[in-house]
Structures are given as C-alpha cells and as structure tokens.
>>> print(open('target_32.txt').read())   # compact mmCIF, C-alpha atoms
# COMPACT_ATOMS: atom_id res chain seq x y z
CA MET A 200 -114.77 -27.19 118.47
CA PHE A 201 -114.05 -24.82 115.58
CA GLY A 202 -116.02 -24.22 112.41
CA TYR A 203 -119.61 -24.12 113.61
CA VAL A 204 -120.02 -20.44 114.52
CA THR A 205 -119.63 -19.09 111.02
CA VAL A 206 -121.24 -16.52 108.77
CA ASN A 207 -123.80 -17.18 106.04
CA TYR A 208 -122.31 -14.98 103.34
CA SER A 209 -125.16 -15.56 100.90
CA ALA A 210 -127.58 -13.77 103.25
CA LEU A 211 -125.40 -10.68 103.78
CA GLY A 212 -125.35 -7.45 101.83
CA GLU A 213 -122.12 -6.25 100.23
CA GLU A 214 -121.38 -3.75 103.01
CA GLU A 215 -121.95 -6.41 105.66
CA LYS A 216 -119.66 -8.85 103.84
CA ALA A 217 -116.94 -6.21 103.71
CA ARG A 218 -117.42 -5.42 107.39
CA PHE A 219 -117.14 -9.07 108.43
CA ARG A 220 -114.01 -9.53 106.30
CA ALA A 221 -112.49 -6.42 107.90
CA CYS A 222 -113.11 -7.81 111.39
CA TYR A 223 -111.78 -11.23 110.35
CA CYS A 224 -108.63 -9.55 109.03
CA GLY A 225 -108.45 -7.47 112.21
CA LEU A 226 -108.42 -10.58 114.35
CA CYS A 227 -105.84 -12.15 112.06
CA ARG A 228 -103.61 -9.09 112.44
CA THR A 229 -104.07 -9.15 116.21
CA LEU A 230 -103.16 -12.84 116.41
CA GLY A 231 -99.96 -12.17 114.50
CA GLU A 232 -98.96 -9.21 116.65
CA ARG A 233 -99.70 -10.90 119.97
CA HIS A 234 -98.57 -14.44 119.23
CA GLY A 235 -96.38 -14.44 116.12
CA LEU A 236 -97.00 -14.79 112.42
CA SER A 237 -97.54 -18.57 112.49
CA ALA A 238 -100.33 -18.14 115.05
CA ARG A 239 -102.51 -16.78 112.25
CA ALA A 240 -102.89 -20.38 111.07
CA VAL A 241 -105.43 -21.02 113.85
CA LEU A 242 -107.62 -17.99 113.05
CA SER A 243 -111.31 -18.90 113.19
CA ASN A 244 -114.71 -17.45 112.33
CA ASP A 245 -115.82 -18.58 115.79
CA MET A 246 -113.51 -16.12 117.54
CA THR A 247 -114.32 -13.39 115.00
CA PHE A 248 -117.93 -13.68 116.17
CA LEU A 249 -116.82 -13.32 119.79
CA ALA A 250 -114.64 -10.29 119.00
CA MET A 251 -117.48 -8.58 117.12
CA LEU A 252 -120.00 -9.45 119.82
CA LEU A 253 -117.91 -7.97 122.62
CA SER A 254 -117.05 -4.91 120.55
CA SER A 255 -120.72 -4.32 119.81
CA LEU A 256 -121.64 -4.66 123.47
CA TYR A 257 -118.85 -2.63 125.07
CA GLU A 258 -118.41 -0.13 122.20
CA PRO A 259 -114.67 0.58 122.63
CA GLY A 260 -112.74 2.78 120.23
CA GLU A 261 -111.96 1.03 116.96
CA GLU A 262 -108.82 1.00 114.83
CA THR A 263 -109.27 0.66 111.08
CA GLY A 264 -106.87 0.68 108.15
CA ARG A 265 -105.60 -1.03 105.03
CA LEU A 266 -102.63 -3.38 104.95
CA ARG A 267 -101.16 -6.06 102.74
CA CYS A 268 -102.10 -9.58 103.80
CA PRO A 269 -99.00 -11.58 104.88
CA GLY A 270 -100.52 -14.72 103.38
CA ARG A 271 -101.38 -12.96 100.10
CA PRO A 272 -99.01 -9.98 99.85
CA TRP A 273 -100.37 -8.95 96.46
CA ARG A 274 -103.69 -8.10 98.14
CA VAL A 275 -104.47 -5.02 100.23
CA ARG A 276 -107.06 -5.72 102.91
CA GLU A 277 -109.14 -3.46 105.08
CA PHE A 278 -109.11 -4.33 108.78
CA ALA A 279 -111.02 -3.27 111.87
CA ARG A 280 -110.29 -4.13 115.48
CA SER A 281 -110.69 -2.95 119.05
CA GLU A 282 -109.71 -4.00 122.58
CA PRO A 283 -111.90 -7.15 122.64
CA PHE A 284 -109.95 -8.44 119.63
CA ASP A 285 -106.90 -8.83 121.90
CA TYR A 286 -108.95 -11.00 124.22
CA ALA A 287 -110.49 -12.98 121.34
CA ALA A 288 -107.03 -13.61 119.89
CA ASP A 289 -105.83 -15.00 123.23
CA MET A 290 -108.88 -17.24 123.52
CA ASN A 291 -108.35 -18.34 119.90
CA ILE A 292 -104.92 -19.62 120.93
CA ALA A 293 -106.38 -21.37 123.99
CA PHE A 294 -109.13 -23.10 122.01
CA ALA A 295 -106.69 -24.21 119.30
CA TYR A 296 -104.28 -25.56 121.91
CA PHE A 297 -106.96 -27.50 123.78
CA LYS A 298 -108.34 -28.90 120.52
CA ALA A 299 -104.85 -30.07 119.50
CA ALA A 300 -104.37 -31.65 122.94
CA ASP A 301 -107.71 -33.44 122.61
CA ASP A 302 -106.80 -34.73 119.14
CA VAL A 303 -103.47 -36.00 120.47
CA HIS A 304 -105.31 -37.82 123.26
CA ASP A 305 -107.91 -39.38 120.95
CA ASP A 306 -105.95 -40.17 117.79
CA LYS A 307 -102.24 -39.65 118.55
CA SER A 308 -102.28 -37.58 115.38
CA PRO A 309 -98.80 -36.38 114.31
CA ALA A 310 -100.34 -33.18 112.95
CA ALA A 311 -102.07 -32.55 116.29
CA MET A 312 -98.82 -33.25 118.16
CA ALA A 313 -97.02 -30.72 115.98
CA MET A 314 -99.77 -28.14 116.52
CA LYS A 315 -99.71 -28.68 120.27
CA ARG A 316 -95.94 -28.13 120.35
CA LEU A 317 -96.30 -25.04 118.15
CA LEU A 318 -98.88 -23.51 120.48
CA ALA A 319 -97.38 -24.57 123.83
CA GLY A 320 -95.35 -21.40 124.41
CA ARG A 321 -98.18 -19.18 123.25
CA MET A 322 -100.61 -21.02 125.50
CA ALA A 323 -98.29 -20.44 128.45
CA ARG A 324 -98.43 -16.71 127.72
CA VAL A 325 -102.24 -16.75 127.48
CA GLU A 326 -102.36 -18.54 130.82
CA ARG A 327 -100.19 -15.85 132.40
CA LEU A 328 -102.47 -13.15 131.00
CA TRP A 329 -105.73 -14.85 132.03
CA PRO A 330 -104.88 -17.20 134.93
CA GLU A 331 -108.33 -17.40 136.54
CA LYS A 332 -110.19 -17.74 133.26
CA ILE A 333 -107.92 -20.46 131.90
CA ALA A 334 -108.15 -22.28 135.26
CA ARG A 335 -111.96 -22.34 134.92
CA VAL A 336 -111.70 -23.47 131.30
CA ARG A 337 -109.40 -26.30 132.36
CA GLU A 338 -111.93 -27.32 135.02
CA ALA A 339 -114.67 -27.49 132.40
CA ILE A 340 -112.46 -29.52 130.06
CA ALA A 341 -111.55 -31.90 132.90
CA ALA A 342 -115.25 -32.41 133.70
CA LEU A 343 -116.03 -33.11 130.06
CA SER A 344 -113.07 -35.50 129.72
CA ALA A 345 -114.15 -37.40 132.84
CA LEU A 346 -117.63 -37.90 131.40
CA GLU A 347 -116.23 -39.09 128.08
CA GLU A 348 -113.69 -41.39 129.72
CA ALA A 349 -116.47 -42.94 131.79
CA GLY A 350 -118.48 -43.55 128.62
CA ALA A 351 -121.32 -41.37 129.87
CA ARG A 352 -124.38 -41.41 127.63
CA ASP A 353 -126.11 -38.46 129.26
CA ILE A 354 -126.47 -35.80 126.55
CA ASP A 355 -127.21 -33.02 129.02
CA ALA A 356 -124.23 -33.66 131.30
CA ALA A 357 -121.66 -33.66 128.50
CA ALA A 358 -123.23 -30.73 126.65
CA ASN A 359 -123.42 -28.72 129.88
CA ALA A 360 -119.71 -29.29 130.48
CA MET A 361 -118.95 -27.86 127.05
CA GLY A 362 -121.41 -25.07 127.78
CA ALA A 363 -119.50 -24.19 130.94
CA LEU A 364 -116.32 -23.91 128.89
CA PHE A 365 -117.82 -21.57 126.30
CA GLY A 366 -119.74 -19.61 128.90
CA GLU A 367 -116.51 -18.81 130.70
CA VAL A 368 -114.82 -17.69 127.49
CA TYR A 369 -117.73 -15.48 126.40
CA ALA A 370 -117.82 -13.73 129.79
CA TRP A 371 -114.94 -11.35 129.10
CA ARG A 372 -115.13 -9.29 132.28
CA GLU A 373 -116.44 -9.63 135.83
CA ASP A 374 -119.14 -7.03 135.36
CA PHE A 375 -122.86 -6.52 134.74
CA TRP A 376 -122.70 -8.32 131.38
CA ARG A 377 -121.01 -11.46 132.66
CA GLU A 378 -124.23 -13.38 133.29
CA PRO A 379 -125.97 -12.79 129.92
CA LEU A 380 -122.71 -13.36 128.03
CA GLN A 381 -122.13 -16.54 129.99
CA ALA A 382 -125.66 -17.73 129.15
CA LEU A 383 -125.11 -17.02 125.46
CA GLY A 384 -121.74 -18.77 125.41
CA ALA A 385 -123.11 -21.77 127.32
CA ALA A 386 -125.94 -22.23 124.81
CA ILE A 387 -123.53 -21.97 121.87
CA GLY A 388 -121.16 -24.42 123.58
CA ARG A 389 -123.94 -26.97 124.05
CA PHE A 390 -124.96 -26.54 120.42
CA ILE A 391 -121.38 -27.03 119.21
CA TYR A 392 -120.91 -30.12 121.36
CA LEU A 393 -123.99 -31.81 119.90
CA CYS A 394 -123.12 -30.75 116.34
CA ASP A 395 -119.66 -32.23 116.83
CA ALA A 396 -121.15 -35.40 118.30
CA TYR A 397 -123.49 -35.66 115.31
CA GLU A 398 -120.57 -35.24 112.92
CA ASP A 399 -118.29 -37.73 114.69
CA ARG A 400 -120.78 -40.40 115.79
CA GLU A 401 -120.10 -43.00 113.11
CA ALA A 402 -116.32 -42.56 113.32
CA ASP A 403 -116.45 -42.70 117.14
CA GLU A 404 -118.43 -45.94 117.04
CA LYS A 405 -115.89 -47.52 114.70
CA LYS A 406 -113.08 -46.52 117.08
CA GLY A 407 -114.99 -47.72 120.14
CA LEU A 408 -115.23 -44.20 121.55
CA ALA A 409 -118.19 -42.93 123.55
CA ASN A 410 -120.59 -40.61 121.78
CA PRO A 411 -123.67 -39.15 123.48
CA LEU A 412 -125.80 -39.62 120.36
CA SER A 413 -125.02 -43.33 119.90
CA ALA A 414 -127.83 -44.29 122.27
CA TYR A 415 -130.33 -42.51 120.00
CA ALA A 416 -129.00 -43.49 116.58
CA SER A 417 -131.37 -46.46 116.24
CA ARG A 418 -134.44 -44.26 116.61
CA PRO A 419 -136.48 -44.05 113.38
CA ASP A 420 -136.68 -40.28 113.90
CA TYR A 421 -132.98 -39.89 114.78
CA GLU A 422 -132.31 -37.07 112.31
CA GLU A 423 -135.39 -35.12 113.43
CA PHE A 424 -134.56 -35.80 117.08
CA ALA A 425 -131.01 -34.44 116.69
CA GLN A 426 -132.27 -31.33 114.93
CA ARG A 427 -134.91 -30.69 117.60
CA VAL A 428 -132.31 -30.86 120.36
CA LEU A 429 -129.97 -28.53 118.48
CA THR A 430 -132.79 -26.09 117.77
CA MET A 431 -133.67 -25.98 121.44
CA MET A 432 -130.06 -25.27 122.40
CA ILE A 433 -129.47 -22.49 119.90
CA SER A 434 -132.86 -20.98 120.78
CA GLU A 435 -131.62 -20.56 124.34
CA GLY A 436 -128.62 -18.74 122.93
CA ALA A 437 -130.84 -16.51 120.82
CA GLN A 438 -132.87 -15.54 123.89
CA ALA A 439 -129.70 -14.53 125.75
CA PHE A 440 -128.41 -12.69 122.68
CA GLU A 441 -131.55 -10.59 122.33
CA LEU A 442 -131.15 -9.32 125.90
CA LEU A 443 -127.93 -7.56 124.92
CA PRO A 444 -128.21 -3.93 123.74
CA LEU A 445 -126.33 -4.42 120.49
CA GLU A 446 -126.32 -1.94 117.62
CA ARG A 447 -123.04 -2.02 115.72
CA ASP A 448 -122.79 -5.21 113.64
CA ALA A 449 -126.06 -6.53 115.08
CA ALA A 450 -127.27 -7.70 111.65
CA ILE A 451 -124.07 -9.67 111.04
CA LEU A 452 -124.16 -11.20 114.52
CA ARG A 453 -127.79 -12.26 113.98
CA ASN A 454 -126.83 -13.75 110.61
CA ILE A 455 -124.25 -15.93 112.35
CA LEU A 456 -126.44 -16.95 115.28
CA TYR A 457 -129.68 -17.59 113.39
CA SER A 458 -128.32 -18.87 110.08
CA GLY A 459 -124.56 -19.34 109.95
CA VAL A 460 -124.37 -21.83 112.82
CA TRP A 461 -126.60 -24.18 110.82
CA SER A 462 -124.37 -24.16 107.72
CA ARG A 463 -122.16 -27.06 108.75
CA TRP A 464 -125.11 -28.98 110.18
CA ALA A 465 -126.95 -28.66 106.86
CA LEU A 466 -123.92 -29.95 104.95
CA LEU A 467 -123.47 -32.89 107.33
CA HIS A 468 -127.19 -33.67 107.25
CA GLU A 469 -127.18 -33.67 103.46
CA ARG A 470 -124.13 -35.93 103.24
CA ARG A 471 -125.59 -38.37 105.75
CA GLY A 472 -128.86 -38.49 103.83
CA LYS A 473 -127.02 -39.26 100.60
CA ARG A 474 -125.05 -42.06 102.26
CA ALA A 475 -128.24 -43.56 103.66
CA GLN A 476 -129.87 -43.37 100.24
CA ARG A 477 -126.95 -45.14 98.59
CA ARG A 478 -127.13 -47.91 101.18
CA THR A 479 -130.84 -48.49 100.56
CA THR A 480 -130.43 -48.63 96.77
CA LYS A 481 -127.68 -51.26 96.83
>>> encode(input="target_32.txt", output="structure tokens")
Amino acid sequence: MFGYVTVNYSALGEEEKARFRACYCGLCRTLGERHGLSARAVLSNDMTFLAMLLSSLYEPGEETGRLRCPGRPWRVREFARSEPFDYAADMNIAFAYFKAADDVHDDKSPAAMAMKRLLAGRMARVERLWPEKIARVREAIAALSALEEAGARDIDAAANAMGALFGEVYAWREDFWREPLQALGAAIGRFIYLCDAYEDREADEKKGLANPLSAYASRPDYEEFAQRVLTMMISEGAQAFELLPLERDAAILRNILYSGVWSRWALLHERRGKRAQRRTTK
C-alpha cells in the first residue's frame, strides 16, 4: 500500500528537491504534533504527494520554517506545511493502521501486531475526526477483503475496490473538487493494487493466497501484459490530474505521477528479469 507514489529525485532540479524535502519534513512535523513523536515512523512519500496535491489545488496559507530534526538533531531542516497536511497526516495514520491489520491477518507478523497496537489509539482519534470518511474506507477494505477471501481472479473487481479506497481518501472535502480528486485517487489506487499484486505474486502462490495476476502468469507476454495494464491505469490518473488547475508544485507532482510511481515497478521488473535469466542459465 505504501511506497509506490514516490518522487524521482534524479529528474528534479535542486530547488524542486529542496521543496519536496521541505514538504516531507512538514508532514513529518505534523504527524508528530497530531499523533505523537513515534507516529513519525509511518511517514510516507505517498501521503506527502497527497498533502502537496491538496495544497496546490486549494492554495491555503502556508507555514514555513527551520527546525532541528528529532531523528537527526544535529541537522536543521526546512519545512513547509498547510491545512491539508493535517488531513494527510491523519490519513497516513489510517493507511498505516489498515496495512498493519492486513499484515496481521495474512502473516500473523509480530512486527505488524506491534504496529497495530501502537497505532490503535491514534486510529481511534482519526476515526473520531473523520467518521464518515473512515466508514467509507472501511467499506472499501471490506469489499476488497471479501474478494480476496473468495479467491476472486477478476483483476478489475479487486483493483476497483482498492480504487474506491484511495478515491475516498483523495477527496478531502465535499465540494466541487471531490469528483476529479476521487477519479485521480481511484486510478492511483488501482495502479498500486496491481503493482502490489505484481510484487507479491510469487510469494502469494507459495503461501496458497489468491493473487489476481496468477491467472496470467503463464502467458508468454506476462511482463508486457502487466505493464500495459498498469500504464492504462496510471494514464487514467494522469487525465484526472490534468483537469486540476494546479500551479504551485505542479512540476514536482507531475514528476511523481509520470515518473516516480514507476520507480518501484522498474526495480521489481529488473529483479524478476534477473531471476528468470539465472533460472534459464542453470
């Protein structure tokens, strides 16, 4: 769920790199203030993208400054944040909690159990702050879990359930921008679900778990097929993104959406190709 919506630093200028780091630090600071110092451990690039996106769209007043980093007190960091960062911090907690709960369900991981306990109180606060939104997110998670428990092989159904989850989170307010933000979030959610399925397929098959890509893995063009599907999904997100009148940080946001989201896919694709090559040379 985390780690796919990231920035491609190599394609950014120095000012843009500094700006993204300031927003990342701003979200980190906000997480600590709203949910306690240890909550910073779940900080993600994914939610930094959301915070920057909403700030660019709604253009609220911005707080900037320089502070010492609690994790590296010998360093002074610039930070930038605005009202949407509060919302993104809350959703960061919710996503981290639901991911930990999912890992507990799938693997009974002690680390996931500890993380779930750590976030439980914070998640309860997020739910009090955003009752309707979290209720809709839970509905989307329940729909996705039901499909996975039933061993559903329908790519679209499972990806759409994840899309509904992300669409709800991206739609910050019940206003004019809800629909385009929901469309963007839904496309990103579908993309993330398929990337995650691509990453986990072999491990899922060994554990006897359902994976929507297992039915296609025997295709001779499996790698190309997976990339085509992912390209189609992120293209839908790009279309929704370009409808938004964004100016501030638009170049960074485009970097993430058009390039950064493919970083983890490229790494996974390369590793899988190397493993396949080793198998054929044995």
>>> closest_residue(input="target_32.txt", among="A:Thr263, A:Asn359, A:Gln381, A:Ser413", to="Leu346 in chain A", atoms="all atoms listed in the file")
A:Asn359
>>> residues_around(input="target_32.txt", residues="Arg400 in chain A", least_positions_apart="5", cutoff="9 Å", atoms="all atoms listed in the file", output="PDB file with C-alpha atoms, keeping the file's coordinate frame")
ATOM      1  CA  ASP A 395    -119.660 -32.230 116.830  1.00  0.00           C
ATOM      2  CA  LYS A 405    -115.890 -47.520 114.700  1.00  0.00           C
ATOM      3  CA  LEU A 408    -115.230 -44.200 121.550  1.00  0.00           C
ATOM      4  CA  ALA A 409    -118.190 -42.930 123.550  1.00  0.00           C
ATOM      5  CA  ASN A 410    -120.590 -40.610 121.780  1.00  0.00           C
ATOM      6  CA  PRO A 411    -123.670 -39.150 123.480  1.00  0.00           C
ATOM      7  CA  LEU A 412    -125.800 -39.620 120.360  1.00  0.00           C
ATOM      8  CA  SER A 413    -125.020 -43.330 119.900  1.00  0.00           C
ATOM      9  CA  ALA A 416    -129.000 -43.490 116.580  1.00  0.00           C
TER      10      ALA A 416
END
>>> closest_residue(input="target_32.txt", among="A:Leu318, A:Ala360, A:Ala221, A:Ala342", to="Cys268 in chain A", atoms="all atoms listed in the file")
A:Ala221
>>> residues_around(input="target_32.txt", residues="Arg335 in chain A", least_positions_apart="3", cutoff="8 Å", atoms="all atoms listed in the file", output="list in words")
Glu331, Lys332, Glu338, Ala339, Leu364 and Glu367 of chain A
>>> closest_atom_pairs(input="target_32.txt", of="range 349-415 of chain A", to="range 282-289 of chain A", cutoff="12 Å", atoms="all atoms listed in the file", output="Markdown table")
| residue | atom | partner | partner_atom | distance |
| --- | --- | --- | --- | --- |
| A:Val368 | CA | A:Ala287 | CA | 8.9 |
| A:Tyr369 | CA | A:Ala287 | CA | 9.2 |
| A:Ala370 | CA | A:Tyr286 | CA | 10.8 |
| A:Trp371 | CA | A:Tyr286 | CA | 7.7 |
| A:Arg372 | CA | A:Tyr286 | CA | 10.3 |
>>> closest_residue(input="target_32.txt", among="A:Gln426, A:Ser209, A:Ser243, A:Ser254", to="Ala279 in chain A", atoms="all atoms listed in the file")
A:Ser254
>>> residues_around(input="target_32.txt", residues="Leu456 in chain A", least_positions_apart="4", cutoff="12 Å", atoms="all atoms listed in the file", output="PyMOL selection string")
chain A and resi 203-207+245+248-249+252+383-384+386-387+390-391+430+432-441+449-452+460-462
>>> closest_residue(input="target_32.txt", among="A:Leu443, A:Ala357, A:Ala382, A:Met322", to="Leu253 in chain A", atoms="all atoms listed in the file")
A:Leu443
>>> atom_distance(input="target_32.txt", atom1="CA of Val325 in chain A", atom2="CA of Glu373 in chain A")
17.9 Å
>>> atom_distance(input="target_32.txt", atom1="CA of Asp355 in chain A", atom2="CA of Arg389 in chain A")
8.5 Å
>>> atom_distance(input="target_32.txt", atom1="CA of Phe219 in chain A", atom2="CA of Leu242 in chain A")
13.8 Å
>>> closest_residue(input="target_32.txt", among="A:Val336, A:Gly202, A:Asn244, A:Leu380", to="Tyr392 in chain A", atoms="all atoms listed in the file")
A:Gly202
>>> axis_aligned_box(input="target_32.txt", around="range 207-217 of chain A", padding_each_side="3 Å", output="AutoDock Vina command-line options")
--center_x -122.3 --center_y -10.5 --center_z 103.1 --size_x 16.6 --size_y 19.4 --size_z 11.8
>>> residues_around(input="target_32.txt", residues="Arg321 in chain A", least_positions_apart="5", cutoff="10 Å", atoms="all atoms listed in the file", output="ChimeraX atom specification")
/A:233-235,238,289,292-293,296,316,326-327
>>> residues_near_point(input="target_32.txt", point="(-129.3, -41.9, 119.6)", cutoff="12 Å", atoms="all atoms listed in the file", output="mmCIF file with C-alpha atoms, keeping the file's coordinate frame")
data_model
loop_
_atom_site.group_PDB
_atom_site.id
_atom_site.type_symbol
_atom_site.label_atom_id
_atom_site.label_comp_id
_atom_site.auth_asym_id
_atom_site.auth_seq_id
_atom_site.Cartn_x
_atom_site.Cartn_y
_atom_site.Cartn_z
ATOM 1 C CA ARG A 352 -124.380 -41.410 127.630
ATOM 2 C CA ASP A 353 -126.110 -38.460 129.260
ATOM 3 C CA ILE A 354 -126.470 -35.800 126.550
ATOM 4 C CA LEU A 393 -123.990 -31.810 119.900
ATOM 5 C CA ALA A 396 -121.150 -35.400 118.300
ATOM 6 C CA TYR A 397 -123.490 -35.660 115.310
ATOM 7 C CA ARG A 400 -120.780 -40.400 115.790
ATOM 8 C CA GLU A 401 -120.100 -43.000 113.110
ATOM 9 C CA GLU A 404 -118.430 -45.940 117.040
ATOM 10 C CA ALA A 409 -118.190 -42.930 123.550
ATOM 11 C CA ASN A 410 -120.590 -40.610 121.780
ATOM 12 C CA PRO A 411 -123.670 -39.150 123.480
ATOM 13 C CA LEU A 412 -125.800 -39.620 120.360
ATOM 14 C CA SER A 413 -125.020 -43.330 119.900
ATOM 15 C CA ALA A 414 -127.830 -44.290 122.270
ATOM 16 C CA TYR A 415 -130.330 -42.510 120.000
ATOM 17 C CA ALA A 416 -129.000 -43.490 116.580
ATOM 18 C CA SER A 417 -131.370 -46.460 116.240
ATOM 19 C CA ARG A 418 -134.440 -44.260 116.610
ATOM 20 C CA PRO A 419 -136.480 -44.050 113.380
ATOM 21 C CA ASP A 420 -136.680 -40.280 113.900
ATOM 22 C CA TYR A 421 -132.980 -39.890 114.780
ATOM 23 C CA GLU A 422 -132.310 -37.070 112.310
ATOM 24 C CA GLU A 423 -135.390 -35.120 113.430
ATOM 25 C CA PHE A 424 -134.560 -35.800 117.080
ATOM 26 C CA ALA A 425 -131.010 -34.440 116.690
ATOM 27 C CA GLN A 426 -132.270 -31.330 114.930
ATOM 28 C CA VAL A 428 -132.310 -30.860 120.360
#
>>> closest_residue(input="target_32.txt", among="A:Ser458, A:Met290, A:Cys394, A:Asp302", to="Trp329 in chain A", atoms="all atoms listed in the file")
A:Met290
>>> build_atoms(input="target_32.txt", residues="range 271-288 of chain A", atoms="N, CA and C atoms", output="CSV table (one decimal), in the coordinates of the input")
chain,number,residue,atom,x,y,z
A,271,ARG,N,-101.2,-13.3,101.5
A,271,ARG,CA,-101.4,-13.0,100.1
A,271,ARG,C,-100.9,-11.5,99.9
A,272,PRO,N,-99.6,-11.3,99.9
A,272,PRO,CA,-99.0,-10.0,99.8
A,272,PRO,C,-99.4,-9.1,98.7
A,273,TRP,N,-99.9,-9.7,97.6
A,273,TRP,CA,-100.4,-9.0,96.5
A,273,TRP,C,-101.7,-8.3,96.7
A,274,ARG,N,-102.4,-8.6,97.8
A,274,ARG,CA,-103.7,-8.1,98.1
A,274,ARG,C,-103.6,-7.1,99.3
A,275,VAL,N,-104.3,-6.0,99.1
A,275,VAL,CA,-104.5,-5.0,100.2
A,275,VAL,C,-105.8,-5.2,100.9
A,276,ARG,N,-105.8,-5.4,102.2
A,276,ARG,CA,-107.1,-5.7,102.9
A,276,ARG,C,-107.4,-4.6,103.9
A,277,GLU,N,-108.7,-4.3,104.0
A,277,GLU,CA,-109.1,-3.5,105.1
A,277,GLU,C,-109.3,-4.3,106.4
A,278,PHE,N,-109.0,-3.6,107.5
A,278,PHE,CA,-109.1,-4.3,108.8
A,278,PHE,C,-109.8,-3.4,109.8
A,279,ALA,N,-110.4,-4.0,110.8
A,279,ALA,CA,-111.0,-3.3,111.9
A,279,ALA,C,-110.8,-4.1,113.1
A,280,ARG,N,-110.5,-3.4,114.2
A,280,ARG,CA,-110.3,-4.1,115.5
A,280,ARG,C,-110.4,-3.2,116.6
A,281,SER,N,-110.6,-3.7,117.8
A,281,SER,CA,-110.7,-3.0,119.0
A,281,SER,C,-110.2,-3.8,120.2
A,282,GLU,N,-110.3,-3.3,121.4
A,282,GLU,CA,-109.7,-4.0,122.6
A,282,GLU,C,-110.2,-5.4,122.7
A,283,PRO,N,-111.5,-5.7,122.5
A,283,PRO,CA,-111.9,-7.2,122.6
A,283,PRO,C,-111.2,-8.1,121.7
A,284,PHE,N,-110.6,-7.6,120.6
A,284,PHE,CA,-110.0,-8.4,119.6
A,284,PHE,C,-108.7,-9.0,120.3
A,285,ASP,N,-108.1,-8.3,121.2
A,285,ASP,CA,-106.9,-8.8,121.9
A,285,ASP,C,-107.3,-10.0,122.7
A,286,TYR,N,-108.4,-9.9,123.4
A,286,TYR,CA,-109.0,-11.0,124.2
A,286,TYR,C,-109.3,-12.2,123.3
A,287,ALA,N,-110.1,-11.9,122.2
A,287,ALA,CA,-110.5,-13.0,121.3
A,287,ALA,C,-109.3,-13.7,120.7
A,288,ALA,N,-108.2,-13.0,120.4
A,288,ALA,CA,-107.0,-13.6,119.9
A,288,ALA,C,-106.4,-14.6,120.9
